file final36.tsv (TSV, C-alpha atoms and all ligand atoms)
chain	number	residue	atom	x	y	z
A	1	THR	CA	75.87	57.67	57.59
A	2	LYS	CA	78.03	54.55	57.84
A	3	VAL	CA	80.93	54.99	60.23
A	4	LEU	CA	83.97	52.85	61.08
A	5	LEU	CA	84.98	53.37	64.72
A	6	THR	CA	88.21	51.67	65.82
A	7	GLY	CA	88.84	50.60	69.41
A	8	GLY	CA	85.14	50.40	70.34
A	9	SER	CA	85.96	48.88	73.74
A	10	GLY	CA	87.73	52.04	74.89
A	11	PHE	CA	86.63	54.66	77.39
A	12	ILE	CA	86.23	57.46	74.83
A	13	ALA	CA	85.05	55.23	71.97
A	14	ALA	CA	82.20	53.81	74.06
A	15	HIS	CA	80.74	57.31	74.30
A	16	ILE	CA	81.27	57.94	70.59
A	17	LEU	CA	79.46	54.68	69.83
A	18	GLU	CA	76.57	55.61	72.08
A	19	GLN	CA	76.19	59.04	70.44
A	20	LEU	CA	76.46	57.69	66.89
A	21	LEU	CA	73.80	55.04	67.46
A	22	ALA	CA	71.52	57.53	69.24
A	23	LYS	CA	71.71	59.73	66.14
A	24	GLY	CA	70.71	56.82	63.91
A	25	HIS	CA	74.07	56.26	62.20
A	26	SER	CA	75.20	52.81	61.35
A	27	VAL	CA	78.48	51.75	62.90
A	28	VAL	CA	81.14	49.14	62.31
A	29	THR	CA	83.40	49.06	65.34
A	30	THR	CA	86.59	47.08	65.93
A	31	VAL	CA	87.74	45.38	69.14
A	32	ARG	CA	90.54	42.97	69.96
A	33	SER	CA	88.57	39.93	71.13
A	34	GLU	CA	85.28	38.13	70.72
A	35	GLU	CA	84.67	38.58	74.45
A	36	LYS	CA	84.73	42.37	74.07
A	37	ALA	CA	82.67	42.17	70.90
A	38	SER	CA	79.85	40.23	72.54
A	39	LYS	CA	79.67	42.72	75.44
A	40	ILE	CA	79.15	45.56	72.99
A	41	ARG	CA	76.52	43.62	71.03
A	42	GLU	CA	74.71	42.84	74.31
A	43	ALA	CA	74.62	46.55	75.16
A	44	TYR	CA	72.83	47.35	71.86
A	45	PRO	CA	70.75	44.26	71.10
A	46	SER	CA	68.36	45.83	68.61
A	47	GLN	CA	71.05	47.60	66.57
A	48	ALA	CA	73.19	44.45	66.61
A	49	ALA	CA	70.24	42.42	65.36
A	50	SER	CA	69.35	44.90	62.60
A	51	GLY	CA	72.94	45.23	61.40
A	52	GLU	CA	73.12	48.94	62.28
A	53	LEU	CA	75.90	47.86	64.65
A	54	VAL	CA	78.57	45.44	63.48
A	55	VAL	CA	81.45	44.54	65.77
A	56	ALA	CA	84.55	43.26	63.97
A	57	ILE	CA	87.64	41.68	65.51
A	58	VAL	CA	90.99	43.35	64.78
A	59	PRO	CA	93.38	41.63	67.18
A	60	ASP	CA	96.51	43.79	66.91
A	61	ILE	CA	96.71	47.18	65.28
A	62	ALA	CA	100.53	47.03	65.39
A	63	GLN	CA	100.27	44.70	62.36
A	64	PRO	CA	100.43	46.83	59.19
A	65	ASP	CA	97.64	44.83	57.53
A	66	ALA	CA	95.35	44.82	60.61
A	67	PHE	CA	92.60	46.91	59.01
A	68	ASP	CA	92.86	45.57	55.45
A	69	GLU	CA	89.65	43.53	55.62
A	70	VAL	CA	87.38	45.73	57.74
A	71	VAL	CA	87.91	48.80	55.53
A	72	LYS	CA	86.33	46.86	52.67
A	73	THR	CA	82.92	47.12	54.39
A	74	PRO	CA	80.72	48.54	51.63
A	75	GLY	CA	79.50	52.11	51.92
A	76	LEU	CA	81.76	53.46	54.66
A	77	GLU	CA	81.78	57.27	54.61
A	78	VAL	CA	83.50	58.32	57.81
A	79	VAL	CA	86.26	56.74	59.91
A	80	LEU	CA	86.96	57.60	63.55
A	81	HIS	CA	90.30	56.07	64.55
A	82	THR	CA	90.52	56.07	68.35
A	83	ALA	CA	92.38	52.81	69.05
A	84	SER	CA	95.81	53.46	70.54
A	85	PRO	CA	97.37	52.36	73.81
A	86	PHE	CA	97.07	54.77	76.73
A	87	HIS	CA	98.67	53.13	79.75
A	88	PHE	CA	102.03	53.01	81.46
A	89	LYS	CA	102.20	49.24	81.95
A	90	PHE	CA	104.86	48.60	79.33
A	91	THR	CA	108.44	47.46	79.52
A	92	ASP	CA	109.52	48.64	76.08
A	93	PRO	CA	108.24	51.95	74.59
A	94	LYS	CA	107.73	50.04	71.34
A	95	GLU	CA	104.61	48.57	72.95
A	96	LEU	CA	103.07	52.05	72.67
A	97	ILE	CA	104.83	53.42	69.60
A	98	ASP	CA	104.07	50.52	67.25
A	99	PRO	CA	100.30	50.26	67.74
A	100	ALA	CA	100.02	54.06	67.71
A	101	VAL	CA	102.08	54.71	64.58
A	102	ILE	CA	101.58	51.49	62.58
A	103	GLY	CA	97.90	51.46	63.60
A	104	THR	CA	97.46	54.96	62.16
A	105	THR	CA	99.47	54.53	58.97
A	106	GLY	CA	98.04	51.04	58.49
A	107	ILE	CA	94.44	52.17	58.54
A	108	LEU	CA	95.12	55.19	56.30
A	109	ARG	CA	96.92	53.04	53.74
A	110	ALA	CA	94.15	50.44	53.79
A	111	LEU	CA	91.50	53.15	53.36
A	112	ALA	CA	93.34	54.82	50.49
A	113	ARG	CA	93.66	51.46	48.76
A	114	SER	CA	90.27	49.84	49.40
A	115	ALA	CA	87.67	52.32	50.68
A	116	PRO	CA	86.80	54.76	47.88
A	117	THR	CA	83.57	55.93	49.55
A	118	VAL	CA	85.30	57.27	52.69
A	119	ARG	CA	85.34	61.08	52.66
A	120	ARG	CA	86.67	61.95	56.12
A	121	VAL	CA	88.98	60.37	58.68
A	122	VAL	CA	89.16	61.65	62.25
A	123	VAL	CA	92.19	60.50	64.23
A	124	THR	CA	92.09	60.74	68.01
A	125	SER	CA	95.35	62.47	68.76
A	126	SER	CA	96.07	64.23	72.04
A	127	PHE	CA	97.35	67.30	73.81
A	128	ALA	CA	100.37	65.00	74.14
A	129	ALA	CA	101.12	65.90	70.51
A	130	ILE	CA	100.82	69.64	71.29
A	131	ILE	CA	102.69	70.09	74.57
A	132	ASP	CA	106.44	70.68	74.67
A	133	GLU	CA	107.83	69.19	77.88
A	134	ALA	CA	110.64	71.76	77.97
A	135	HIS	CA	108.06	74.56	78.23
A	136	GLN	CA	105.32	73.10	80.40
A	137	THR	CA	106.29	75.23	83.39
A	138	ASP	CA	106.92	78.32	81.26
A	139	PRO	CA	104.22	81.00	81.62
A	140	SER	CA	105.38	82.71	78.44
A	141	THR	CA	104.42	79.65	76.36
A	142	THR	CA	100.89	79.46	74.94
A	143	PHE	CA	99.90	76.12	73.41
A	144	THR	CA	97.40	76.33	70.56
A	145	GLU	CA	96.13	74.20	67.68
A	146	ALA	CA	99.35	75.15	65.86
A	147	SER	CA	101.75	73.87	68.55
A	148	TRP	CA	103.66	70.64	68.03
A	149	ASN	CA	105.47	68.50	70.56
A	150	PRO	CA	109.10	68.37	69.30
A	151	VAL	CA	109.63	64.89	70.83
A	152	THR	CA	111.50	62.29	68.75
A	153	LEU	CA	112.15	58.55	68.99
A	154	ASP	CA	115.44	59.37	70.77
A	155	ASP	CA	113.47	60.72	73.74
A	156	VAL	CA	111.23	57.72	74.46
A	157	HIS	CA	113.34	56.34	77.30
A	158	ARG	CA	113.18	59.62	79.25
A	159	SER	CA	110.01	58.63	81.13
A	160	PRO	CA	106.85	56.57	80.60
A	161	SER	CA	104.82	59.71	79.95
A	162	THR	CA	107.36	60.90	77.38
A	163	ALA	CA	107.02	57.53	75.65
A	164	TYR	CA	103.23	57.92	75.56
A	165	ARG	CA	103.51	61.48	74.26
A	166	ALA	CA	105.93	60.33	71.59
A	167	SER	CA	103.52	57.60	70.50
A	168	LYS	CA	100.74	60.15	70.01
A	169	THR	CA	102.98	62.77	68.39
A	170	LEU	CA	104.62	60.38	65.93
A	171	ALA	CA	101.25	58.85	65.05
A	172	GLU	CA	99.69	62.23	64.37
A	173	ARG	CA	102.70	63.44	62.36
A	174	ALA	CA	102.52	60.24	60.30
A	175	ALA	CA	98.81	60.82	59.63
A	176	TRP	CA	99.31	64.36	58.29
A	177	ALA	CA	102.35	63.23	56.28
A	178	PHE	CA	100.29	60.42	54.73
A	179	VAL	CA	97.59	62.81	53.52
A	180	LYS	CA	100.15	65.34	52.29
A	181	ASP	CA	102.12	62.71	50.38
A	182	GLY	CA	98.87	61.45	48.88
A	183	GLU	CA	98.13	64.94	47.56
A	184	LYS	CA	101.26	64.80	45.45
A	185	ASP	CA	99.95	61.66	43.77
A	186	GLY	CA	96.53	63.16	43.05
A	187	GLY	CA	94.90	62.94	46.48
A	188	VAL	CA	93.70	60.16	48.74
A	189	GLY	CA	89.93	60.63	48.47
A	190	PHE	CA	89.41	61.57	52.11
A	191	ASP	CA	90.40	64.49	54.27
A	192	LEU	CA	91.85	64.34	57.76
A	193	VAL	CA	90.91	65.95	61.09
A	194	THR	CA	92.48	65.28	64.48
A	195	VAL	CA	90.92	65.68	67.91
A	196	ASN	CA	93.56	66.59	70.51
A	197	PRO	CA	92.14	66.37	74.03
A	198	PRO	CA	94.17	66.79	77.22
A	199	MET	CA	93.28	64.70	80.31
A	200	VAL	CA	89.82	63.19	79.78
A	201	PHE	CA	87.54	62.54	82.75
A	202	GLY	CA	83.94	61.39	82.79
A	203	PRO	CA	81.59	58.50	83.34
A	204	VAL	CA	82.63	55.01	82.30
A	205	VAL	CA	80.05	53.46	80.01
A	206	HIS	CA	82.41	50.83	78.66
A	207	TYR	CA	82.39	47.38	80.10
A	208	LEU	CA	84.85	47.10	82.93
A	209	GLU	CA	85.73	43.73	84.42
A	210	SER	CA	86.59	45.50	87.64
A	211	LEU	CA	87.72	48.87	88.92
A	212	ASP	CA	91.31	47.80	88.38
A	213	ALA	CA	90.59	47.84	84.64
A	214	VAL	CA	89.61	51.53	84.70
A	215	ASN	CA	91.10	53.64	81.90
A	216	THR	CA	94.26	55.58	82.72
A	217	SER	CA	92.84	59.10	82.97
A	218	ASN	CA	90.11	58.04	85.45
A	219	GLU	CA	92.57	56.13	87.68
A	220	ARG	CA	93.11	59.18	89.87
A	221	LEU	CA	89.43	59.26	90.91
A	222	VAL	CA	89.55	55.56	91.77
A	223	ASP	CA	92.62	56.28	93.93
A	224	CYS	CA	90.77	59.16	95.60
A	225	LEU	CA	87.70	56.99	96.33
A	226	ARG	CA	89.84	54.13	97.65
A	227	GLY	CA	91.42	56.37	100.28
A	228	LYS	CA	94.89	56.71	98.75
A	229	TRP	CA	94.78	60.50	98.74
A	230	ARG	CA	93.70	60.65	102.39
A	231	GLU	CA	96.66	58.51	103.43
A	232	GLY	CA	99.34	59.84	101.13
A	233	GLY	CA	98.22	63.42	100.49
A	234	VAL	CA	96.64	64.65	97.28
A	235	PRO	CA	99.17	64.01	94.50
A	236	SER	CA	100.26	66.71	92.12
A	237	GLY	CA	98.09	66.68	89.02
A	238	GLY	CA	101.22	66.89	86.93
A	239	PRO	CA	101.99	69.61	84.44
A	240	VAL	CA	99.05	68.81	82.16
A	241	ALA	CA	96.61	70.73	84.30
A	242	ILE	CA	93.95	70.93	81.60
A	243	TRP	CA	91.10	68.52	81.01
A	244	VAL	CA	87.85	67.83	79.17
A	245	ASP	CA	84.78	65.65	79.75
A	246	VAL	CA	84.58	62.40	77.78
A	247	ARG	CA	81.06	63.15	76.51
A	248	ASP	CA	82.31	66.41	75.03
A	249	VAL	CA	85.30	64.66	73.44
A	250	ALA	CA	82.89	62.14	71.93
A	251	GLU	CA	80.71	64.97	70.62
A	252	ALA	CA	83.79	66.62	69.12
A	253	HIS	CA	84.51	63.41	67.17
A	254	VAL	CA	80.91	63.12	65.96
A	255	LYS	CA	80.76	66.76	64.90
A	256	ALA	CA	84.19	66.64	63.26
A	257	GLY	CA	83.45	63.42	61.42
A	258	LEU	CA	79.86	63.89	60.37
A	259	GLU	CA	78.47	67.35	60.97
A	260	ILE	CA	80.96	70.14	60.25
A	261	PRO	CA	82.60	69.91	56.82
A	262	GLU	CA	84.65	73.09	57.53
A	263	VAL	CA	86.94	71.32	60.03
A	264	GLU	CA	88.77	69.68	57.12
A	265	GLY	CA	92.50	69.65	57.79
A	266	LYS	CA	92.16	71.01	61.34
A	267	ARG	CA	93.59	69.93	64.66
A	268	LEU	CA	90.84	70.33	67.25
A	269	PHE	CA	92.20	71.20	70.68
A	270	ALA	CA	89.23	70.04	72.76
A	271	THR	CA	89.60	71.34	76.29
A	272	ALA	CA	87.35	72.71	79.02
A	273	GLY	CA	90.20	74.39	80.88
A	274	LEU	CA	92.23	74.04	84.06
A	275	PHE	CA	91.78	71.45	86.79
A	276	SER	CA	93.66	70.29	89.84
A	277	ASN	CA	93.48	67.10	91.88
A	278	ALA	CA	92.76	69.24	94.95
A	279	GLU	CA	89.71	70.75	93.21
A	280	MET	CA	88.53	67.28	92.20
A	281	ALA	CA	88.85	66.11	95.80
A	282	ARG	CA	86.80	69.10	96.98
A	283	VAL	CA	84.03	68.20	94.49
A	284	VAL	CA	83.97	64.56	95.62
A	285	ARG	CA	83.85	65.60	99.28
A	286	LYS	CA	80.98	68.01	98.66
A	287	HIS	CA	78.80	65.56	96.74
A	288	PHE	CA	79.60	62.23	98.39
A	289	PRO	CA	79.59	62.89	102.16
A	290	GLU	CA	78.91	59.19	102.71
A	291	ASP	CA	82.51	58.54	101.61
A	292	ALA	CA	84.02	61.14	103.95
A	293	GLU	CA	86.02	58.56	105.90
A	294	ARG	CA	88.00	57.56	102.84
A	295	LEU	CA	88.37	60.99	101.25
A	296	PRO	CA	91.02	63.61	101.87
A	297	THR	CA	89.92	66.18	104.46
A	298	GLU	CA	90.03	69.95	104.12
A	299	GLU	CA	93.39	69.78	105.89
A	300	THR	CA	94.95	67.22	103.54
A	301	LYS	CA	97.73	68.94	101.66
A	302	GLY	CA	98.77	68.77	98.03
A	303	GLY	CA	97.40	68.64	94.52
A	304	GLU	CA	96.76	72.36	94.05
A	305	LEU	CA	97.25	74.00	90.67
A	306	ALA	CA	100.73	75.38	90.14
A	307	PRO	CA	100.77	79.19	90.45
A	308	GLU	CA	100.17	81.10	87.23
A	309	GLY	CA	103.84	82.04	86.94
A	310	GLN	CA	104.84	78.35	86.91
A	311	ARG	CA	102.62	76.85	84.24
A	312	PHE	CA	101.98	77.10	80.52
A	313	LYS	CA	99.07	78.98	78.99
A	314	PHE	CA	96.74	77.63	76.33
A	315	ASP	CA	94.42	79.08	73.73
A	316	ASN	CA	91.92	76.84	71.94
A	317	SER	CA	89.65	79.60	70.66
A	318	GLU	CA	89.89	78.36	67.06
A	319	THR	CA	88.49	74.98	68.13
A	320	ASN	CA	85.77	76.61	70.22
A	321	LYS	CA	84.69	78.66	67.23
A	322	LEU	CA	84.64	75.66	64.89
A	323	LEU	CA	82.89	73.18	67.18
A	324	GLY	CA	80.65	75.42	69.28
A	325	ILE	CA	80.62	72.89	72.12
A	326	LYS	CA	79.79	74.20	75.59
A	327	TRP	CA	82.32	72.23	77.62
A	328	ARG	CA	80.96	70.57	80.76
A	329	SER	CA	82.15	71.82	84.14
A	330	LEU	CA	84.63	69.92	86.28
A	331	GLU	CA	82.00	69.58	89.01
A	332	GLU	CA	79.48	67.89	86.69
A	333	SER	CA	82.14	65.66	85.20
A	334	VAL	CA	83.59	64.52	88.51
A	335	VAL	CA	80.17	63.84	90.06
A	336	ASP	CA	79.08	61.76	87.06
A	337	THR	CA	82.42	59.91	86.98
A	338	VAL	CA	82.17	58.98	90.66
A	339	ARG	CA	78.56	57.80	90.25
A	340	SER	CA	79.59	55.58	87.33
A	341	LEU	CA	82.58	54.19	89.26
A	342	LYS	CA	80.33	53.35	92.20
A	343	LYS	CA	78.24	51.18	89.89
A	344	VAL	CA	81.39	49.15	89.19
A	345	GLY	CA	82.09	48.86	92.92
A	346	ALA	CA	84.00	51.95	94.08
A	401	LIG	P1	91.29	53.20	76.57
A	401	LIG	O1	92.48	52.50	77.10
A	401	LIG	O2	90.00	53.01	77.24
A	401	LIG	O3	91.10	52.88	75.02
A	401	LIG	C1	92.15	52.52	74.17
A	401	LIG	C2	91.59	51.72	73.02
A	401	LIG	O4	92.63	51.32	72.13
A	401	LIG	C3	90.94	50.44	73.52
A	401	LIG	O5	89.84	50.13	72.70
A	401	LIG	C4	92.06	49.42	73.32
A	401	LIG	O6	91.60	48.09	73.21
A	401	LIG	C5	92.65	49.91	72.02
A	401	LIG	N1	94.01	49.41	71.83
A	401	LIG	C6	95.11	49.74	72.55
A	401	LIG	N2	96.19	49.08	72.09
A	401	LIG	C7	95.76	48.31	71.06
A	401	LIG	C8	96.38	47.36	70.18
A	401	LIG	N3	97.70	47.08	70.26
A	401	LIG	N4	95.61	46.73	69.25
A	401	LIG	C9	94.28	46.99	69.18
A	401	LIG	N5	93.65	47.87	69.99
A	401	LIG	C10	94.38	48.51	70.91
A	401	LIG	O7	91.69	54.75	76.56
A	401	LIG	P2	90.94	56.04	76.01
A	401	LIG	O8	89.55	55.76	75.62
A	401	LIG	O9	91.22	57.10	76.98
A	401	LIG	O10	91.81	56.34	74.71
A	401	LIG	C11	91.25	56.41	73.40
A	401	LIG	C12	92.09	57.33	72.57
A	401	LIG	O11	92.06	58.63	73.13
A	401	LIG	C13	93.56	56.94	72.44
A	401	LIG	O12	93.97	57.22	71.13
A	401	LIG	C14	94.24	57.88	73.43
A	401	LIG	O13	95.58	58.10	73.11
A	401	LIG	C15	93.38	59.12	73.25
A	401	LIG	N6	93.44	60.10	74.35
A	401	LIG	C16	93.00	59.77	75.61
A	401	LIG	C17	93.04	60.72	76.63
A	401	LIG	C18	92.55	60.43	78.01
A	401	LIG	O14	92.83	61.21	78.92
A	401	LIG	N7	91.80	59.38	78.24
A	401	LIG	C19	93.58	62.06	76.37
A	401	LIG	C20	93.97	62.31	75.00
A	401	LIG	C21	93.90	61.35	74.04
A	401	LIG	P3	91.31	47.19	74.56
A	401	LIG	O15	90.02	47.68	75.13
A	401	LIG	O16	91.23	45.80	74.02
A	401	LIG	O17	92.48	47.41	75.45

call {"tool": "encode", "arguments": {"input": "final36.tsv", "output": "structure tokens", "more": "lines below"}}
Ligand code: NDP
result
Amino acid sequence: TKVLLTGGSGFIAAHILEQLLAKGHSVVTTVRSEEKASKIREAYPSQAASGELVVAIVPDIAQPDAFDEVVKTPGLEVVLHTASPFHFKFTDPKELIDPAVIGTTGILRALARSAPTVRRVVVTSSFAAIIDEAHQTDPSTTFTEASWNPVTLDDVHRSPSTAYRASKTLAERAAWAFVKDGEKDGGVGFDLVTVNPPMVFGPVVHYLESLDAVNTSNERLVDCLRGKWREGGVPSGGPVAIWVDVRDVAEAHVKAGLEIPEVEGKRLFATAGLFSNAEMARVVRKHFPEDAERLPTEETKGGELAPEGQRFKFDNSETNKLLGIKWRSLEESVVDTVRSLKKVGA
């Protein structure tokens, strides 16, 4: 199957790319620069030489016409749209909102116009589009595949994480609206699925310049390994105390895009369950005794899960039934993440 994967340089997309190529699919992936493109080609020399892997440059997905050319690649059947900013290094929330929303509507419009062979589009959304900040500490709230973050553009200045959540929510809403509007005019030729993971941990297989370039969700493990948690105490994991391993998120995309037709029109809430920073620190301490001097000790306070009466509940049983993925354990994920970070110099 011929697949278009956007944002191939990303943490999650690198695992999707690896799984797609291992299964013999042919992939066109987009990145922002030639430098990133050549690193990906170097990682898969034989597929790059045979044309099974093509890396295309799409410099800025906030431009509405960014994807107009690449979608014309003949024979595309499936699109996995992962590219979207996930960081808090912005001064204006527009820096997140525009690439998220315009990137999503731009690619859908380009596909509807110029890619008649595409049958399914998977958009990487997020638990950010499910959670409702007003209820995150409310034990009577259960978030499911049907829950929607009520955030609007008026809320984006509340906090950097609200701005990120708004970018994901507005992008996902725009994607569903696009497909629904298309139905009125006789359909758009493809169906839509979203994958909505919470905090994603797992090994880095993408091509980091340095540890400082680590993706946002793995930053906490870098901090832990660098001794920050020992000095300052284990930080609170924040209200989003649920997680999933990156390899499982990648598998969810591959299954949703290529292997399970029945997920048409579904939001897939891909999560392994609860985590806490304190639990992650315990796993690192157990498996990497050579780092004991830099790690928090058993006495270091902080980072425990909020008590059951002070946090939301979740239910992703519909997703579990549809995907049938056995989610990796936190212990396996953390150990593999730390090993991969050590290769980059942690
Ligand atoms: P990364 O930062 O590693 O990946 C983000 C990708 O988007 C990169 O390829 C990046 O390119 C690309 N990108 C960002 N902004 C632009 C832009 N303006 N123009 C073109 N490309 C852009 O993070 P993740 O792999 O974690 O994120 C991938 C997706 O998963 C995102 O949609 C994110 O919202 C979602 N997600 C992530 C979670 C997590 O915990 N990691 C949780 C839930 C959802 P470049 O490499 O050049 O910066």

call {"tool": "closest_residue", "arguments": {"input": "final36.tsv", "among": "A:Ser38, A:Thr82, A:Ser333, A:Thr216", "to": "Gly103 (chain A)", "atoms": "all atoms listed in the file"}}
result
A:Thr82

call {"tool": "residues_around", "arguments": {"input": "final36.tsv", "residues": "Thr162 (chain A)", "least_positions_apart": "2", "cutoff": "10 Å", "atoms": "only C-alpha atoms", "output": "list in words"}}
result
Pro93, Ala128, Glu133, Val151, Thr152, Leu153, Asp155, Val156, His157, Arg158, Ser159, Pro160, Tyr164, Arg165, Ala166, Ser167 and Lys168 of chain A

call {"tool": "residues_around", "arguments": {"input": "final36.tsv", "residues": "Glu69 (chain A)", "least_positions_apart": "6", "cutoff": "10 Å", "atoms": "all atoms listed in the file", "output": "PDB file with C-alpha atoms, keeping the file's coordinate frame"}}
result
ATOM      1  CA  ALA A  56      84.550  43.260  63.970  1.00  0.00           C
ATOM      2  CA  VAL A  58      90.990  43.350  64.780  1.00  0.00           C
ATOM      3  CA  ALA A 110      94.150  50.440  53.790  1.00  0.00           C
ATOM      4  CA  SER A 114      90.270  49.840  49.400  1.00  0.00           C
TER       5      SER A 114
END

call {"tool": "residues_near_ligand", "arguments": {"input": "final36.tsv", "ligand": "ligand LIG 401 (chain A)", "cutoff": "8 Å", "atoms": "all atoms listed in the file", "output": "PyMOL selection string"}}
result
chain A and resi 6-14+31-33+36+58-62+81-87+95-96+98-100+103+123-128+168+196-201+214-218+243+246

call {"tool": "atom_distance", "arguments": {"input": "final36.tsv", "atom1": "CA of Lys94 (chain A)", "atom2": "CA of Val28 (chain A)"}}
result
28.1 Å

call {"tool": "atom_distance", "arguments": {"input": "final36.tsv", "atom1": "CA of Asp68 (chain A)", "atom2": "CA of Tyr44 (chain A)"}}
result
26.0 Å

call {"tool": "closest_residue", "arguments": {"input": "final36.tsv", "among": "A:Gly345, A:Gln310, A:Val55, A:Trp327", "to": "Ser140 (chain A)", "atoms": "only C-alpha atoms"}}
result
A:Gln310

call {"tool": "residues_around", "arguments": {"input": "final36.tsv", "residues": "Ser317 (chain A)", "least_positions_apart": "6", "cutoff": "9 Å", "atoms": "all atoms listed in the file", "output": "PDB file with C-alpha atoms, keeping the file's coordinate frame"}}
result
ATOM      1  CA  THR A 144      97.400  76.330  70.560  1.00  0.00           C
ATOM      2  CA  GLU A 145      96.130  74.200  67.680  1.00  0.00           C
ATOM      3  CA  PHE A 269      92.200  71.200  70.680  1.00  0.00           C
TER       4      PHE A 269
END

call {"tool": "decode", "arguments": {"input": "final36.tsv", "residues": "region 117-123 of chain A", "atoms": "all heavy atoms", "output": "PDB file, in the first residue's frame"}}
result
ATOM      1  N   THR A 117      -7.347   8.554  -5.394  1.00  0.00           N
ATOM      2  CA  THR A 117      -7.129   7.155  -4.987  1.00  0.00           C
ATOM      3  C   THR A 117      -7.052   6.989  -3.465  1.00  0.00           C
ATOM      4  O   THR A 117      -7.023   5.856  -2.970  1.00  0.00           O
ATOM      5  CB  THR A 117      -5.836   6.590  -5.624  1.00  0.00           C
ATOM      6  OG1 THR A 117      -4.768   7.514  -5.358  1.00  0.00           O
ATOM      7  CG2 THR A 117      -5.999   6.404  -7.122  1.00  0.00           C
ATOM      8  N   VAL A 118      -7.016   8.100  -2.731  1.00  0.00           N
ATOM      9  CA  VAL A 118      -6.915   7.987  -1.261  1.00  0.00           C
ATOM     10  C   VAL A 118      -8.254   7.541  -0.686  1.00  0.00           C
ATOM     11  O   VAL A 118      -9.293   8.118  -0.986  1.00  0.00           O
ATOM     12  CB  VAL A 118      -6.468   9.322  -0.627  1.00  0.00           C
ATOM     13  CG1 VAL A 118      -6.604   9.281   0.897  1.00  0.00           C
ATOM     14  CG2 VAL A 118      -5.017   9.617  -1.005  1.00  0.00           C
ATOM     15  N   ARG A 119      -8.213   6.472   0.151  1.00  0.00           N
ATOM     16  CA  ARG A 119      -9.466   5.963   0.709  1.00  0.00           C
ATOM     17  C   ARG A 119      -9.597   6.248   2.212  1.00  0.00           C
ATOM     18  O   ARG A 119     -10.679   6.230   2.769  1.00  0.00           O
ATOM     19  CB  ARG A 119      -9.608   4.466   0.433  1.00  0.00           C
ATOM     20  CG  ARG A 119      -8.478   3.623   0.962  1.00  0.00           C
ATOM     21  CD  ARG A 119      -8.661   2.146   0.571  1.00  0.00           C
ATOM     22  NE  ARG A 119      -7.388   1.449   0.491  1.00  0.00           N
ATOM     23  CZ  ARG A 119      -6.715   0.984   1.530  1.00  0.00           C
ATOM     24  NH1 ARG A 119      -7.187   1.151   2.746  1.00  0.00           N
ATOM     25  NH2 ARG A 119      -5.563   0.362   1.364  1.00  0.00           N
ATOM     26  N   ARG A 120      -8.471   6.458   2.881  1.00  0.00           N
ATOM     27  CA  ARG A 120      -8.557   6.723   4.324  1.00  0.00           C
ATOM     28  C   ARG A 120      -7.515   7.740   4.750  1.00  0.00           C
ATOM     29  O   ARG A 120      -6.363   7.672   4.312  1.00  0.00           O
ATOM     30  CB  ARG A 120      -8.364   5.433   5.119  1.00  0.00           C
ATOM     31  CG  ARG A 120      -8.234   5.688   6.621  1.00  0.00           C
ATOM     32  CD  ARG A 120      -8.640   4.526   7.463  1.00  0.00           C
ATOM     33  NE  ARG A 120     -10.049   4.194   7.290  1.00  0.00           N
ATOM     34  CZ  ARG A 120     -10.615   3.079   7.751  1.00  0.00           C
ATOM     35  NH1 ARG A 120      -9.879   2.216   8.422  1.00  0.00           N
ATOM     36  NH2 ARG A 120     -11.905   2.838   7.551  1.00  0.00           N
ATOM     37  N   VAL A 121      -7.924   8.638   5.648  1.00  0.00           N
ATOM     38  CA  VAL A 121      -7.006   9.601   6.251  1.00  0.00           C
ATOM     39  C   VAL A 121      -7.058   9.413   7.763  1.00  0.00           C
ATOM     40  O   VAL A 121      -8.141   9.395   8.358  1.00  0.00           O
ATOM     41  CB  VAL A 121      -7.402  11.051   5.893  1.00  0.00           C
ATOM     42  CG1 VAL A 121      -6.471  12.046   6.579  1.00  0.00           C
ATOM     43  CG2 VAL A 121      -7.394  11.260   4.381  1.00  0.00           C
ATOM     44  N   VAL A 122      -5.897   9.244   8.362  1.00  0.00           N
ATOM     45  CA  VAL A 122      -5.798   9.177   9.825  1.00  0.00           C
ATOM     46  C   VAL A 122      -5.125  10.457  10.289  1.00  0.00           C
ATOM     47  O   VAL A 122      -4.024  10.788   9.838  1.00  0.00           O
ATOM     48  CB  VAL A 122      -4.956   7.964  10.281  1.00  0.00           C
ATOM     49  CG1 VAL A 122      -4.880   7.912  11.811  1.00  0.00           C
ATOM     50  CG2 VAL A 122      -5.524   6.660   9.719  1.00  0.00           C
ATOM     51  N   VAL A 123      -5.784  11.193  11.165  1.00  0.00           N
ATOM     52  CA  VAL A 123      -5.201  12.411  11.726  1.00  0.00           C
ATOM     53  C   VAL A 123      -4.757  12.117  13.151  1.00  0.00           C
ATOM     54  O   VAL A 123      -5.528  11.560  13.951  1.00  0.00           O
ATOM     55  CB  VAL A 123      -6.219  13.578  11.707  1.00  0.00           C
ATOM     56  CG1 VAL A 123      -5.701  14.771  12.496  1.00  0.00           C
ATOM     57  CG2 VAL A 123      -6.536  13.990  10.271  1.00  0.00           C
TER      58      VAL A 123
END
